[in-house]
$ cat upload-v8.cif   # mmCIF, C-alpha atoms
data_model
loop_
_atom_site.label_atom_id
_atom_site.label_comp_id
_atom_site.auth_asym_id
_atom_site.auth_seq_id
_atom_site.Cartn_x
_atom_site.Cartn_y
_atom_site.Cartn_z
CA MET A 1 0.00 0.00 0.00
CA ALA A 2 0.98 3.60 -0.47
CA GLU A 3 2.49 5.40 2.48
CA LEU A 4 0.99 8.70 3.56
CA VAL A 5 4.18 10.33 4.80
CA ALA A 6 3.09 13.90 5.52
CA ILE A 7 0.03 16.15 5.68
CA LEU A 8 0.63 19.88 5.34
CA ALA A 9 -2.09 22.47 5.95
CA THR A 10 -1.19 26.08 5.42
CA THR A 11 -2.45 29.46 4.39
CA HIS A 12 -1.61 30.53 0.84
CA HIS A 13 -0.40 34.06 0.38
CA PRO A 14 0.04 35.16 -3.23
CA PHE A 15 2.42 38.00 -2.26
CA TYR A 16 5.03 35.64 -0.81
CA TYR A 17 6.66 34.79 -4.14
CA LYS A 18 7.33 38.43 -4.97
CA THR A 19 8.19 39.50 -1.42
CA SER A 20 10.76 36.73 -1.00
CA ARG A 21 12.63 37.96 -4.09
CA ILE A 22 13.02 41.60 -3.07
CA PRO A 23 16.63 42.48 -2.17
CA ALA A 24 17.06 42.74 1.61
CA GLU A 25 17.76 46.49 1.57
CA GLU A 26 14.48 47.15 -0.28
CA ALA A 27 12.30 44.53 1.41
CA PRO A 28 9.47 45.43 3.80
CA PRO A 29 10.22 44.89 7.50
CA PHE A 30 8.22 41.66 7.75
CA ALA A 31 9.91 39.95 4.79
CA ALA A 32 12.92 38.37 6.52
CA GLU A 33 10.88 36.67 9.24
CA TRP A 34 8.33 35.50 6.67
CA VAL A 35 11.03 33.88 4.56
CA ARG A 36 12.59 32.29 7.64
CA GLN A 37 9.25 30.81 8.68
CA VAL A 38 8.54 29.46 5.22
CA GLU A 39 11.98 27.87 4.89
CA ALA A 40 11.55 26.15 8.26
CA TYR A 41 8.17 24.90 7.14
CA ARG A 42 9.56 23.67 3.82
CA GLU A 43 11.88 21.38 5.76
CA THR A 44 8.87 19.55 7.21
CA LEU A 45 7.98 18.37 3.72
CA THR A 46 11.52 17.76 2.52
CA ARG A 47 12.25 15.35 5.36
CA ALA A 48 9.18 13.26 4.47
CA ARG A 49 10.72 12.47 1.04
CA PRO A 50 7.41 12.25 -0.87
CA ASP A 51 7.07 10.82 -4.39
CA VAL A 52 3.71 12.38 -5.24
CA LEU A 53 1.70 15.33 -3.91
CA VAL A 54 -2.06 15.58 -3.53
CA MET A 55 -2.76 19.31 -3.61
CA VAL A 56 -5.96 20.67 -2.06
CA GLY A 57 -7.02 24.18 -3.00
CA SER A 58 -9.86 26.26 -4.41
CA ASP A 59 -10.18 27.92 -7.78
CA HIS A 60 -10.72 31.68 -7.46
CA PHE A 61 -13.05 32.12 -10.46
CA HIS A 62 -10.36 31.26 -12.96
CA GLN A 63 -11.43 28.09 -14.75
CA LEU A 64 -14.51 27.21 -12.70
CA TRP A 65 -17.40 29.55 -13.29
CA LEU A 66 -20.98 30.06 -12.22
CA ASP A 67 -22.45 28.47 -15.35
CA ASN A 68 -21.05 25.10 -14.33
CA MET A 69 -19.79 25.07 -10.76
CA PRO A 70 -18.62 21.85 -9.09
CA GLN A 71 -18.45 21.53 -5.31
CA PHE A 72 -15.53 19.09 -5.20
CA LEU A 73 -13.37 18.34 -8.23
CA ILE A 74 -10.29 16.20 -8.85
CA GLY A 75 -7.95 16.83 -11.74
CA LYS A 76 -7.09 13.84 -13.94
CA ALA A 77 -4.52 14.90 -16.49
CA PRO A 78 -0.91 14.09 -17.36
CA TYR A 79 0.06 17.74 -16.91
CA TYR A 80 -1.34 20.89 -15.36
CA ASP A 81 -0.41 24.40 -16.31
CA GLY A 82 -0.32 26.79 -13.39
CA ASN A 83 -1.29 30.41 -12.76
CA TRP A 84 -3.47 32.79 -14.71
CA GLU A 85 -2.90 36.11 -16.43
CA ASN A 86 -4.55 38.12 -13.67
CA GLU A 87 -2.37 36.37 -11.07
CA THR A 88 0.74 37.34 -12.99
CA ARG A 89 -0.62 40.88 -13.27
CA GLU A 90 -1.64 41.26 -9.64
CA PHE A 91 0.89 39.16 -7.74
CA GLY A 92 3.82 38.74 -10.12
CA LEU A 93 3.34 34.96 -10.11
CA PRO A 94 5.06 33.17 -13.01
CA LYS A 95 3.43 30.51 -15.15
CA LEU A 96 4.59 26.98 -14.44
CA LEU A 97 3.93 23.40 -15.48
CA PHE A 98 3.21 20.43 -13.23
CA LYS A 99 3.37 16.76 -14.01
CA GLY A 100 0.22 14.87 -13.04
CA ASP A 101 -0.19 11.40 -11.54
CA GLU A 102 -3.14 10.10 -13.54
CA GLU A 103 -3.13 6.72 -11.85
CA LEU A 104 -3.69 8.25 -8.44
CA SER A 105 -6.24 10.70 -9.90
CA ALA A 106 -8.23 7.83 -11.39
CA TYR A 107 -8.04 5.87 -8.16
CA MET A 108 -9.18 8.81 -6.05
CA LEU A 109 -12.09 9.52 -8.39
CA ARG A 110 -13.31 5.93 -8.52
CA GLU A 111 -12.90 5.34 -4.80
CA GLY A 112 -14.24 8.76 -3.85
CA ILE A 113 -17.40 8.25 -5.88
CA ASP A 114 -17.87 4.78 -4.46
CA ARG A 115 -17.37 6.07 -0.91
CA GLY A 116 -20.13 8.67 -1.16
CA PHE A 117 -18.68 11.75 -2.89
CA ASP A 118 -19.98 12.39 -6.40
CA LEU A 119 -16.77 14.08 -7.47
CA ALA A 120 -16.44 16.19 -10.58
CA PHE A 121 -13.30 15.77 -12.65
CA SER A 122 -11.26 17.74 -15.16
CA ASN A 123 -9.00 16.46 -17.91
CA GLU A 124 -7.60 19.90 -18.67
CA LEU A 125 -7.07 22.09 -15.66
CA ARG A 126 -4.98 25.21 -15.20
CA VAL A 127 -4.46 25.40 -11.45
CA ASP A 128 -4.37 28.75 -9.69
CA HIS A 129 -2.45 30.27 -6.81
CA SER A 130 -4.25 28.16 -4.20
CA ILE A 131 -2.12 25.30 -5.54
CA THR A 132 0.90 27.09 -6.96
CA CYS A 133 1.61 29.13 -3.80
CA PRO A 134 2.43 26.11 -1.65
CA ILE A 135 4.67 24.81 -4.42
CA PHE A 136 6.61 28.08 -4.30
CA THR A 137 6.85 27.84 -0.52
CA VAL A 138 7.41 24.15 0.26
CA ARG A 139 8.54 22.56 -3.03
CA PRO A 140 10.00 25.33 -5.20
CA GLN A 141 11.89 22.85 -7.38
CA ASN A 142 8.43 21.61 -8.54
CA ASP A 143 9.80 18.15 -9.27
CA LEU A 144 6.93 15.91 -8.14
CA PRO A 145 3.73 14.82 -9.88
CA ILE A 146 0.53 16.17 -8.39
CA VAL A 147 -3.15 15.38 -8.08
CA PRO A 148 -5.16 18.62 -7.70
CA VAL A 149 -8.29 18.61 -5.55
CA TYR A 150 -10.50 21.67 -5.79
CA THR A 151 -13.20 22.64 -3.32
CA ASN A 152 -15.84 25.32 -3.59
CA ILE A 153 -15.33 27.81 -0.76
CA PHE A 154 -16.18 30.71 -2.99
CA ALA A 155 -19.51 30.55 -4.79
CA PRO A 156 -22.55 29.85 -2.61
CA PRO A 157 -24.32 27.55 -2.04
CA LEU A 158 -21.30 25.85 -0.46
CA PRO A 159 -21.05 22.39 1.06
CA GLN A 160 -21.37 22.29 4.85
CA PRO A 161 -18.18 22.34 6.98
CA GLU A 162 -18.90 18.75 8.05
CA ARG A 163 -18.68 17.74 4.41
CA PHE A 164 -15.17 19.16 4.11
CA VAL A 165 -14.08 17.14 7.16
CA GLN A 166 -15.73 14.03 5.73
CA LEU A 167 -14.03 14.49 2.37
CA GLY A 168 -10.72 14.76 4.20
CA GLN A 169 -11.43 11.56 6.09
CA THR A 170 -12.35 9.86 2.83
CA ILE A 171 -9.19 11.06 1.07
CA ARG A 172 -7.21 9.63 3.98
CA GLU A 173 -8.91 6.23 3.60
CA ILE A 174 -8.32 6.27 -0.15
CA ILE A 175 -4.62 7.10 0.07
CA ASP A 176 -4.10 4.52 2.82
CA ALA A 177 -5.73 1.89 0.56
CA TRP A 178 -3.99 2.87 -2.71
CA PRO A 179 -2.12 -0.19 -4.05
CA SER A 180 1.15 1.56 -4.77
CA ASP A 181 4.61 1.68 -3.30
CA LEU A 182 4.81 5.44 -3.55
CA ARG A 183 5.16 7.89 -0.68
CA VAL A 184 2.30 10.38 -0.75
CA ALA A 185 2.11 13.80 0.87
CA VAL A 186 -1.05 15.90 0.95
CA ILE A 187 -0.70 19.66 0.93
CA GLY A 188 -3.78 21.80 1.40
CA THR A 189 -4.18 25.54 1.61
CA GLY A 190 -6.92 27.73 2.99
CA HIS A 191 -7.40 30.82 5.07
CA LEU A 192 -7.95 31.91 8.62
CA SER A 193 -10.05 35.07 8.98
CA LEU A 194 -9.89 36.99 5.74
CA GLU A 195 -11.70 39.89 4.12
CA LEU A 196 -11.41 40.64 0.40
CA GLY A 197 -13.41 43.33 -1.32
CA GLY A 198 -15.05 44.49 1.89
CA PRO A 199 -14.58 47.27 4.48
CA ARG A 200 -12.23 45.26 6.69
CA GLN A 201 -9.74 44.30 4.00
CA PHE A 202 -5.99 44.89 4.22
CA GLY A 203 -5.93 46.07 7.81
CA PRO A 204 -2.80 45.85 9.99
CA HIS A 205 -3.83 42.32 11.07
CA GLY A 206 -6.34 39.75 9.91
CA PRO A 207 -9.93 40.97 10.32
CA ASP A 208 -10.62 38.76 13.36
CA PRO A 209 -7.53 37.92 15.48
CA GLU A 210 -9.73 36.23 18.08
CA PHE A 211 -11.09 33.79 15.50
CA ASP A 212 -7.55 33.19 14.26
CA ALA A 213 -6.33 32.37 17.78
CA ARG A 214 -9.10 29.80 18.23
CA ALA A 215 -8.62 28.41 14.74
CA VAL A 216 -4.91 27.71 15.08
CA ARG A 217 -5.60 25.85 18.35
CA TRP A 218 -8.28 23.69 16.70
CA ILE A 219 -5.84 22.77 13.97
CA ALA A 220 -2.73 22.33 16.12
CA ASP A 221 -4.66 20.19 18.62
CA GLY A 222 -6.52 18.13 16.01
CA ASP A 223 -9.72 19.30 17.69
CA ILE A 224 -12.12 18.41 14.90
CA ASP A 225 -15.14 18.21 17.20
CA GLY A 226 -14.44 21.55 18.88
CA CYS A 227 -14.03 23.15 15.49
CA LEU A 228 -17.21 21.63 14.07
CA ALA A 229 -19.14 22.67 17.18
CA GLU A 230 -18.33 26.32 16.58
CA VAL A 231 -18.07 26.64 12.80
CA SER A 232 -21.03 26.81 10.44
CA LEU A 233 -21.57 28.30 7.01
CA GLU A 234 -23.38 31.14 8.77
CA SER A 235 -20.77 31.74 11.48
CA LEU A 236 -17.90 32.00 8.97
CA HIS A 237 -19.30 35.28 7.63
CA ALA A 238 -18.50 37.05 10.90
CA PRO A 239 -14.66 36.82 10.94
CA GLY A 240 -14.37 38.17 7.38
CA ASN A 241 -16.14 37.80 4.07
CA ALA A 242 -13.57 35.36 2.62
CA THR A 243 -13.25 33.20 5.74
CA HIS A 244 -15.06 30.24 4.20
CA GLY A 245 -11.62 29.32 2.92
CA PHE A 246 -11.09 28.02 6.46
CA MET A 247 -13.08 24.95 5.40
CA ASP A 248 -10.05 23.80 3.41
CA PHE A 249 -8.20 23.66 6.74
CA MET A 250 -11.10 21.58 8.07
CA LEU A 251 -10.70 19.20 5.13
CA MET A 252 -7.02 18.86 6.03
CA MET A 253 -7.96 18.19 9.68
CA GLY A 254 -10.16 15.39 8.36
CA ILE A 255 -7.15 13.87 6.60
CA ALA A 256 -4.96 14.19 9.69
CA GLY A 257 -7.57 12.79 12.07
CA TYR A 258 -7.91 13.43 15.78
CA ARG A 259 -4.28 14.13 16.55
CA LYS A 260 -2.03 17.00 17.37
CA ALA A 261 0.10 18.46 14.63
CA ASP A 262 3.78 17.58 14.63
CA TYR A 263 4.67 21.08 13.49
CA ALA A 264 2.61 24.22 14.03
CA ALA A 265 3.57 27.84 13.53
CA ASN A 266 1.91 31.12 12.73
CA LEU A 267 2.90 34.60 11.67
CA ASP A 268 0.88 37.79 12.00
CA LEU A 269 1.07 39.64 8.68
CA PHE A 270 -0.41 42.92 7.54
CA HIS A 271 -3.82 41.68 6.52
CA THR A 272 -3.92 38.05 7.46
CA MET A 273 -2.61 35.50 9.89
CA GLU A 274 -0.28 33.06 8.17
CA ALA A 275 -0.24 29.53 9.59
CA TYR A 276 1.77 26.39 8.92
CA PHE A 277 0.90 22.87 10.14
CA THR A 278 2.39 19.45 9.41
CA TRP A 279 1.39 16.00 10.59
CA TYR A 280 3.41 12.81 10.17
CA PRO A 281 0.87 9.96 10.30
CA ASP A 282 3.64 7.39 10.86
CA PRO A 283 6.76 9.00 12.34
CA GLY A 284 8.60 5.75 11.61
CA LEU A 285 8.51 6.67 7.91
CA ILE A 286 10.51 9.82 8.57
CA THR A 287 14.22 9.18 8.80
CA GLY A 288 17.06 11.54 9.53
CA PRO A 289 17.67 13.84 12.47
CA PRO A 290 14.70 15.28 14.36
CA PRO A 291 13.52 18.69 13.21
CA ALA A 292 15.20 21.74 14.71
CA SER A 293 11.83 23.14 15.78
CA LYS A 294 8.22 22.06 16.19
CA GLY A 295 7.07 25.59 15.40
CA THR A 296 5.99 28.48 17.55
CA LEU A 297 2.59 27.04 18.49
CA LEU A 298 3.78 23.80 20.10
CA MET B 1 -31.74 41.69 -9.95
CA SER B 2 -29.23 39.98 -12.21
CA LYS B 3 -26.37 39.35 -9.83
CA TYR B 4 -25.13 36.55 -12.02
CA LEU B 5 -24.81 38.87 -15.00
CA VAL B 6 -22.98 41.51 -12.96
CA ASP B 7 -20.53 38.82 -11.85
CA LYS B 8 -20.22 37.60 -15.45
CA PHE B 9 -19.34 41.11 -16.57
CA LEU B 10 -16.69 41.51 -13.86
CA PHE B 11 -15.31 38.04 -14.59
CA THR B 12 -15.00 38.43 -18.34
CA ILE B 13 -13.60 41.96 -18.20
CA ASP B 14 -11.02 41.08 -15.54
CA ARG B 15 -9.56 38.12 -17.42
CA ASP B 16 -8.92 39.99 -20.67
CA HIS B 17 -6.21 42.69 -20.59
CA GLU B 18 -7.70 44.58 -23.52
CA LEU B 19 -11.17 44.67 -22.00
CA THR B 20 -9.78 45.72 -18.63
CA GLU B 21 -8.16 48.75 -20.23
CA ARG B 22 -11.23 49.50 -22.28
CA TYR B 23 -13.47 49.43 -19.21
CA ARG B 24 -11.06 51.67 -17.30
CA GLU B 25 -11.06 54.28 -20.06
CA ASP B 26 -14.67 54.07 -21.24
CA PRO B 27 -16.89 52.37 -18.66
CA ALA B 28 -20.28 53.36 -20.13
CA GLY B 29 -19.30 52.54 -23.69
CA THR B 30 -17.70 49.23 -22.74
CA LEU B 31 -20.73 48.28 -20.69
CA ALA B 32 -23.16 49.08 -23.53
CA TRP B 33 -21.10 47.07 -26.01
CA TRP B 34 -20.77 44.18 -23.59
CA GLU B 35 -24.47 44.01 -22.77
CA ALA B 36 -25.37 44.06 -26.47
CA GLU B 37 -22.75 41.62 -27.71
CA GLU B 38 -21.42 39.53 -24.84
CA ALA B 39 -23.94 39.29 -22.02
CA ASN B 40 -25.78 36.36 -23.59
CA ARG B 41 -22.75 34.45 -24.80
CA ILE B 42 -22.41 31.14 -22.93
CA LEU B 43 -18.70 31.10 -22.32
CA ASN B 44 -17.84 27.73 -23.84
CA CYS B 45 -20.42 27.76 -26.65
CA ILE B 46 -20.49 29.13 -30.18
CA GLY B 47 -22.49 32.24 -31.05
CA ALA B 48 -25.43 30.30 -32.48
CA GLU B 49 -26.02 28.89 -29.02
CA ARG B 50 -26.29 32.17 -27.14
CA SER B 51 -28.73 32.66 -24.33
CA THR B 52 -31.68 34.91 -25.07
CA TRP B 53 -32.75 36.41 -21.75
CA LEU B 54 -29.92 38.11 -19.86
CA SER B 55 -29.88 41.87 -19.23
CA PHE B 56 -28.94 44.29 -16.46
CA THR B 57 -31.30 46.30 -14.30
CA ASP B 58 -30.97 50.09 -14.51
CA GLU B 59 -29.36 50.14 -11.07
CA GLU B 60 -26.76 47.58 -12.08
CA ARG B 61 -26.08 49.39 -15.33
CA ALA B 62 -25.53 52.68 -13.47
CA ALA B 63 -23.20 51.09 -10.92
CA LEU B 64 -21.08 49.41 -13.58
CA ALA B 65 -21.04 52.45 -15.86
CA GLY B 66 -20.05 54.61 -12.89
CA HIS B 67 -17.24 52.37 -11.59
CA ASP B 68 -19.25 52.42 -8.36
CA HIS B 69 -17.82 49.56 -6.28
CA VAL B 70 -19.84 50.58 -3.21
CA THR B 71 -23.15 50.05 -4.97
CA LEU B 72 -21.87 46.85 -6.56
CA PHE B 73 -21.05 45.59 -3.06
CA GLN B 74 -24.53 46.55 -1.85
CA LEU B 75 -26.10 44.75 -4.80
CA GLY B 76 -24.31 41.53 -3.84
CA ALA B 77 -21.73 41.42 -6.63
CA HIS B 78 -19.03 38.93 -5.70
CA PRO B 79 -16.52 41.05 -3.76
CA PHE B 80 -13.51 39.09 -4.96
CA LEU B 81 -14.37 39.76 -8.59
CA THR B 82 -14.92 43.46 -8.01
CA LEU B 83 -11.74 43.85 -5.99
CA THR B 84 -9.57 41.99 -8.47
CA LEU B 85 -10.80 44.07 -11.38
CA TRP B 86 -10.46 47.32 -9.42
CA ILE B 87 -6.85 46.43 -8.56
CA ALA B 88 -6.18 45.85 -12.25
CA MET B 89 -7.72 49.16 -13.24
CA PHE B 90 -6.83 51.55 -10.43
CA GLU B 91 -3.89 50.32 -8.37
CA ARG B 92 -1.60 52.14 -10.79
CA ASP B 93 -3.12 55.48 -9.74
CA PHE B 94 -1.84 55.21 -6.14
CA SER B 95 1.76 55.67 -5.08
CA GLU B 96 1.65 53.91 -1.67
CA PRO B 97 1.60 50.09 -1.49
CA LEU B 98 -2.01 48.96 -0.96
CA GLY B 99 -3.14 52.58 -1.28
CA MET B 100 -5.91 51.61 -3.68
CA GLN B 101 -7.08 48.72 -1.53
CA LEU B 102 -7.25 50.87 1.61
CA GLU B 103 -9.17 53.63 -0.18
CA TYR B 104 -11.51 50.98 -1.57
CA ALA B 105 -12.16 49.70 1.98
CA ARG B 106 -12.60 53.23 3.37
CA LYS B 107 -15.43 53.89 0.92
CA LEU B 108 -17.17 50.76 2.21
CA ALA B 109 -16.57 51.55 5.88
CA HIS B 110 -20.13 52.70 6.58
CA LEU B 111 -21.51 49.26 5.73
CA ALA B 112 -22.22 47.00 8.67
CA LYS B 113 -22.51 43.23 8.90
CA PRO B 114 -24.27 41.20 7.71
CA TYR B 115 -23.04 42.01 4.23
CA PRO B 116 -25.37 41.61 1.25
CA ASP B 117 -25.94 38.06 0.08
CA ILE B 118 -23.63 37.12 -2.82
CA ALA B 119 -25.41 33.90 -3.75
CA THR B 120 -26.37 33.82 -7.42
#
$ encode --input "upload-v8.cif" --output "structure tokens"
Amino acid sequence: MAELVAILATTHHPFYYKTSRIPAEEAPPFAAEWVRQVEAYRETLTRARPDVLVMVGSDHFHQLWLDNMPQFLIGKAPYYDGNWENETREFGLPKLLFKGDEELSAYMLREGIDRGFDLAFSNELRVDHSITCPIFTVRPQNDLPIVPVYTNIFAPPLPQPERFVQLGQTIREIIDAWPSDLRVAVIGTGHLSLELGGPRQFGPHGPDPEFDARAVRWIADGDIDGCLAEVSLESLHAPGNATHGFMDFMLMMGIAGYRKADYAANLDLFHTMEAYFTWYPDPGLITGPPPASKGTLL
Amino acid sequence: MSKYLVDKFLFTIDRDHELTERYREDPAGTLAWWEAEEANRILNCIGAERSTWLSFTDEERAALAGHDHVTLFQLGAHPFLTLTLWIAMFERDFSEPLGMQLEYARKLAHLAKPYPDIAT
């Protein structure tokens, strides 16, 4: 069977790519610490030595549109182009090309459908910054095949938060059962409190630091039940109008199960809280020296 | 109310550099052309298979022709689409980093939660 070697759940920040390339003397004051945090986080994936990456993200009205909107979609293609013209324009993100793992895509689709998720699929998918950002942060050499998983956190009506957790639990079962000798890592990105296009956007912190403080504890502690007890489609409007992206973190909690993260860190940036979590389902699969840090939250 | 069509306008203008510039320079003219020629085009279909029923309300038309992001927000246009297009059109007019985004938020500051429903 395949080995699920690492689960990474993180925020995706489209400005990181550009910020990390500004010369030190011109960089904003937060840049150096941001880069340091990201490089420490990258090490949590590197040491897991994955062969293939399942990438969980959400299309931001790039390829998926309101005339034909899937709730959950898995890419099944030999390659995926990455990033869109308006992401290059707005964030300076370059175009890039991913290899796909069609065998794992096909397996996840068949098994997912048979286990109760009527998944949509795409044979030609250009992934956006929800998937390319974590490649720039944790796997910049972009040398591994991927399987993209898209969720709808953007265009209501959305699936319930419970459904995101259940999809995560199902993805975990599917990867654990995949007849393959490959080492799989799952990397998913979402948001904590976030406001875009509303009155609270781009403040000195995220729009709801109190929500963020509770959210990082739910994730770091693997507190799926505590999170589900407090989070609903309705409640997610309060912390910020783009906070439904938190449900991608809930999906990742479903994959990780009821257990504490092995690495957890956060960073307060100018309009959002950045957060970085890693779980190692079987620490015996991770060789080499122990990590230098378990992150600032543990 | 044709929230979907407002979102479709924002979506199709934002993703095309030429249309973004055209809407910046001539919002009313671009809007009139778009409603006449593009509003009913199903995005992955040929022209013979256009829809036949989509049009803006007067209020939507005025908000789009006036680059009025506050009214668009109040009408329930998807805030991500509006913001992204506004960044493309107007960020260049501000010298401070995030100057446009902060001004955009300031103009919305009088609006309290709950925000207008964005469901289409």
$ closest_residue --input "upload-v8.cif" --among "A:His60, A:His191, A:Arg126, A:Arg36" --to "chain B" --atoms "only C-alpha atoms"
A:His60
$ atom_distance --input "upload-v8.cif" --atom1 "atom CA of Asn152 of chain A" --atom2 "atom CA of Asn123 of chain A"
18.2 Å
$ closest_atom_pairs --input "upload-v8.cif" --of "chain A" --to "chain B" --cutoff "7 Å" --atoms "all atoms listed in the file" --output "tab-separated table"
residue	atom	partner	partner_atom	distance
A:Asn86	CA	B:Arg15	CA	6.3
A:Glu90	CA	B:Ala88	CA	7.0
A:Ala155	CA	B:Ala119	CA	6.9
A:Pro156	CA	B:Ala119	CA	5.1
A:Pro157	CA	B:Ala119	CA	6.7
A:Leu196	CA	B:Phe80	CA	6.0
A:Gly197	CA	B:Pro79	CA	4.6
A:Gly198	CA	B:Ala105	CA	6.0
A:Pro199	CA	B:Ala105	CA	4.2
A:Arg200	CA	B:Ala105	CA	6.5
A:Gln201	CA	B:Ala105	CA	6.3
A:Phe202	CA	B:Leu102	CA	6.6
$ write_last_selection --input "upload-v8.cif" --atoms "C-alpha atoms" --output "compact mmCIF listing (two decimals), in the coordinates of the input"
# COMPACT_ATOMS: atom_id res chain seq x y z
CA ASN A 86 -4.55 38.12 -13.67
CA GLU A 90 -1.64 41.26 -9.64
CA ALA A 155 -19.51 30.55 -4.79
CA PRO A 156 -22.55 29.85 -2.61
CA PRO A 157 -24.32 27.55 -2.04
CA LEU A 196 -11.41 40.64 0.40
CA GLY A 197 -13.41 43.33 -1.32
CA GLY A 198 -15.05 44.49 1.89
CA PRO A 199 -14.58 47.27 4.48
CA ARG A 200 -12.23 45.26 6.69
CA GLN A 201 -9.74 44.30 4.00
CA PHE A 202 -5.99 44.89 4.22
$ resolve_selection --input "upload-v8.cif" --expression "the PyMOL selection byres ((chain A and resi 206-213) around 12)" --output "MDAnalysis selection string"
chainID A and resid 11 191:196 198:205 214:220 227 230:231 235:243 246 265:275 297
$ residues_around --input "upload-v8.cif" --residues "Ser20 of chain A" --least-positions-apart "4" --cutoff "7 Å" --atoms "only C-alpha atoms" --output "NGL selection string"
:A and (16 or 31 or 35)
$ residues_around --input "upload-v8.cif" --residues "segment 168-178 of chain A" --least-positions-apart "6" --cutoff "12 Å" --atoms "all atoms listed in the file" --output "PDB file with C-alpha atoms, in the coordinates of the input"
ATOM      1  CA  MET A   1       0.000   0.000   0.000  1.00  0.00           C
ATOM      2  CA  ALA A   2       0.980   3.600  -0.470  1.00  0.00           C
ATOM      3  CA  GLU A   3       2.490   5.400   2.480  1.00  0.00           C
ATOM      4  CA  LEU A   4       0.990   8.700   3.560  1.00  0.00           C
ATOM      5  CA  VAL A   5       4.180  10.330   4.800  1.00  0.00           C
ATOM      6  CA  ALA A   6       3.090  13.900   5.520  1.00  0.00           C
ATOM      7  CA  ILE A   7       0.030  16.150   5.680  1.00  0.00           C
ATOM      8  CA  ALA A   9      -2.090  22.470   5.950  1.00  0.00           C
ATOM      9  CA  VAL A  52       3.710  12.380  -5.240  1.00  0.00           C
ATOM     10  CA  LEU A  53       1.700  15.330  -3.910  1.00  0.00           C
ATOM     11  CA  VAL A  54      -2.060  15.580  -3.530  1.00  0.00           C
ATOM     12  CA  MET A  55      -2.760  19.310  -3.610  1.00  0.00           C
ATOM     13  CA  VAL A  56      -5.960  20.670  -2.060  1.00  0.00           C
ATOM     14  CA  PHE A  72     -15.530  19.090  -5.200  1.00  0.00           C
ATOM     15  CA  ILE A  74     -10.290  16.200  -8.850  1.00  0.00           C
ATOM     16  CA  GLU A 103      -3.130   6.720 -11.850  1.00  0.00           C
ATOM     17  CA  LEU A 104      -3.690   8.250  -8.440  1.00  0.00           C
ATOM     18  CA  SER A 105      -6.240  10.700  -9.900  1.00  0.00           C
ATOM     19  CA  ALA A 106      -8.230   7.830 -11.390  1.00  0.00           C
ATOM     20  CA  TYR A 107      -8.040   5.870  -8.160  1.00  0.00           C
ATOM     21  CA  MET A 108      -9.180   8.810  -6.050  1.00  0.00           C
ATOM     22  CA  LEU A 109     -12.090   9.520  -8.390  1.00  0.00           C
ATOM     23  CA  ARG A 110     -13.310   5.930  -8.520  1.00  0.00           C
ATOM     24  CA  GLU A 111     -12.900   5.340  -4.800  1.00  0.00           C
ATOM     25  CA  GLY A 112     -14.240   8.760  -3.850  1.00  0.00           C
ATOM     26  CA  ILE A 113     -17.400   8.250  -5.880  1.00  0.00           C
ATOM     27  CA  ASP A 114     -17.870   4.780  -4.460  1.00  0.00           C
ATOM     28  CA  ARG A 115     -17.370   6.070  -0.910  1.00  0.00           C
ATOM     29  CA  GLY A 116     -20.130   8.670  -1.160  1.00  0.00           C
ATOM     30  CA  PHE A 117     -18.680  11.750  -2.890  1.00  0.00           C
ATOM     31  CA  LEU A 119     -16.770  14.080  -7.470  1.00  0.00           C
ATOM     32  CA  VAL A 147      -3.150  15.380  -8.080  1.00  0.00           C
ATOM     33  CA  VAL A 149      -8.290  18.610  -5.550  1.00  0.00           C
ATOM     34  CA  THR A 151     -13.200  22.640  -3.320  1.00  0.00           C
ATOM     35  CA  PRO A 161     -18.180  22.340   6.980  1.00  0.00           C
ATOM     36  CA  GLU A 162     -18.900  18.750   8.050  1.00  0.00           C
ATOM     37  CA  VAL A 184       2.300  10.380  -0.750  1.00  0.00           C
ATOM     38  CA  ALA A 185       2.110  13.800   0.870  1.00  0.00           C
ATOM     39  CA  VAL A 186      -1.050  15.900   0.950  1.00  0.00           C
ATOM     40  CA  ILE A 187      -0.700  19.660   0.930  1.00  0.00           C
ATOM     41  CA  GLY A 188      -3.780  21.800   1.400  1.00  0.00           C
ATOM     42  CA  ILE A 224     -12.120  18.410  14.900  1.00  0.00           C
ATOM     43  CA  MET A 247     -13.080  24.950   5.400  1.00  0.00           C
ATOM     44  CA  ASP A 248     -10.050  23.800   3.410  1.00  0.00           C
ATOM     45  CA  PHE A 249      -8.200  23.660   6.740  1.00  0.00           C
ATOM     46  CA  MET A 250     -11.100  21.580   8.070  1.00  0.00           C
ATOM     47  CA  LEU A 251     -10.700  19.200   5.130  1.00  0.00           C
ATOM     48  CA  MET A 252      -7.020  18.860   6.030  1.00  0.00           C
ATOM     49  CA  MET A 253      -7.960  18.190   9.680  1.00  0.00           C
ATOM     50  CA  GLY A 254     -10.160  15.390   8.360  1.00  0.00           C
ATOM     51  CA  ILE A 255      -7.150  13.870   6.600  1.00  0.00           C
ATOM     52  CA  ALA A 256      -4.960  14.190   9.690  1.00  0.00           C
ATOM     53  CA  GLY A 257      -7.570  12.790  12.070  1.00  0.00           C
ATOM     54  CA  TYR A 258      -7.910  13.430  15.780  1.00  0.00           C
ATOM     55  CA  PRO A 281       0.870   9.960  10.300  1.00  0.00           C
ATOM     56  CA  ASP A 282       3.640   7.390  10.860  1.00  0.00           C
TER      57      ASP A 282
END
$ closest_residue --input "upload-v8.cif" --among "A:Pro159, A:Pro70, A:Pro148, A:Gly295" --to "Glu39 of chain A" --atoms "all atoms listed in the file"
A:Gly295
$ atom_distance --input "upload-v8.cif" --atom1 "atom CA of Cys45 of chain B" --atom2 "atom CA of Val127 of chain A"
22.2 Å
